[in-house]
Amino acid sequence: MKNYDKYKLSTPEDYGSDYVSNCCGARVDYSDRCQYCGEGCEPIEDYEYQAIQKENYLEWKVKI
């Protein structure tokens with residue numbers, strides 16, 4: 001494995017990730033307010049939001 005670069009083996013935690021709101025996925029500023037809807041949403045990391053959205057989509061797809 002000495003031919004692999006570090007970026008190929010990295011995870012989002014290695015480089016830090018952006019925080020987004022759990023309500024709509026928009027970026028969250030330092031006051032923990034959603035920049036899209038202006039609500040006080042809970043900030044989560046972007047890859048967590050994407051995983052939640054994927055899970056919600058798969059649940060929705062099964063119901064159809």
# chains A, B, ... in the order shown; residues from 1 in each chain; ligands from 1

$ residues_around --residues "Cys23 in chain A" --least-positions-apart "6" --cutoff "9 Å" --atoms "only C-alpha atoms" --output "VMD selection string"
chain A and resid 34 37 39 41 to 42
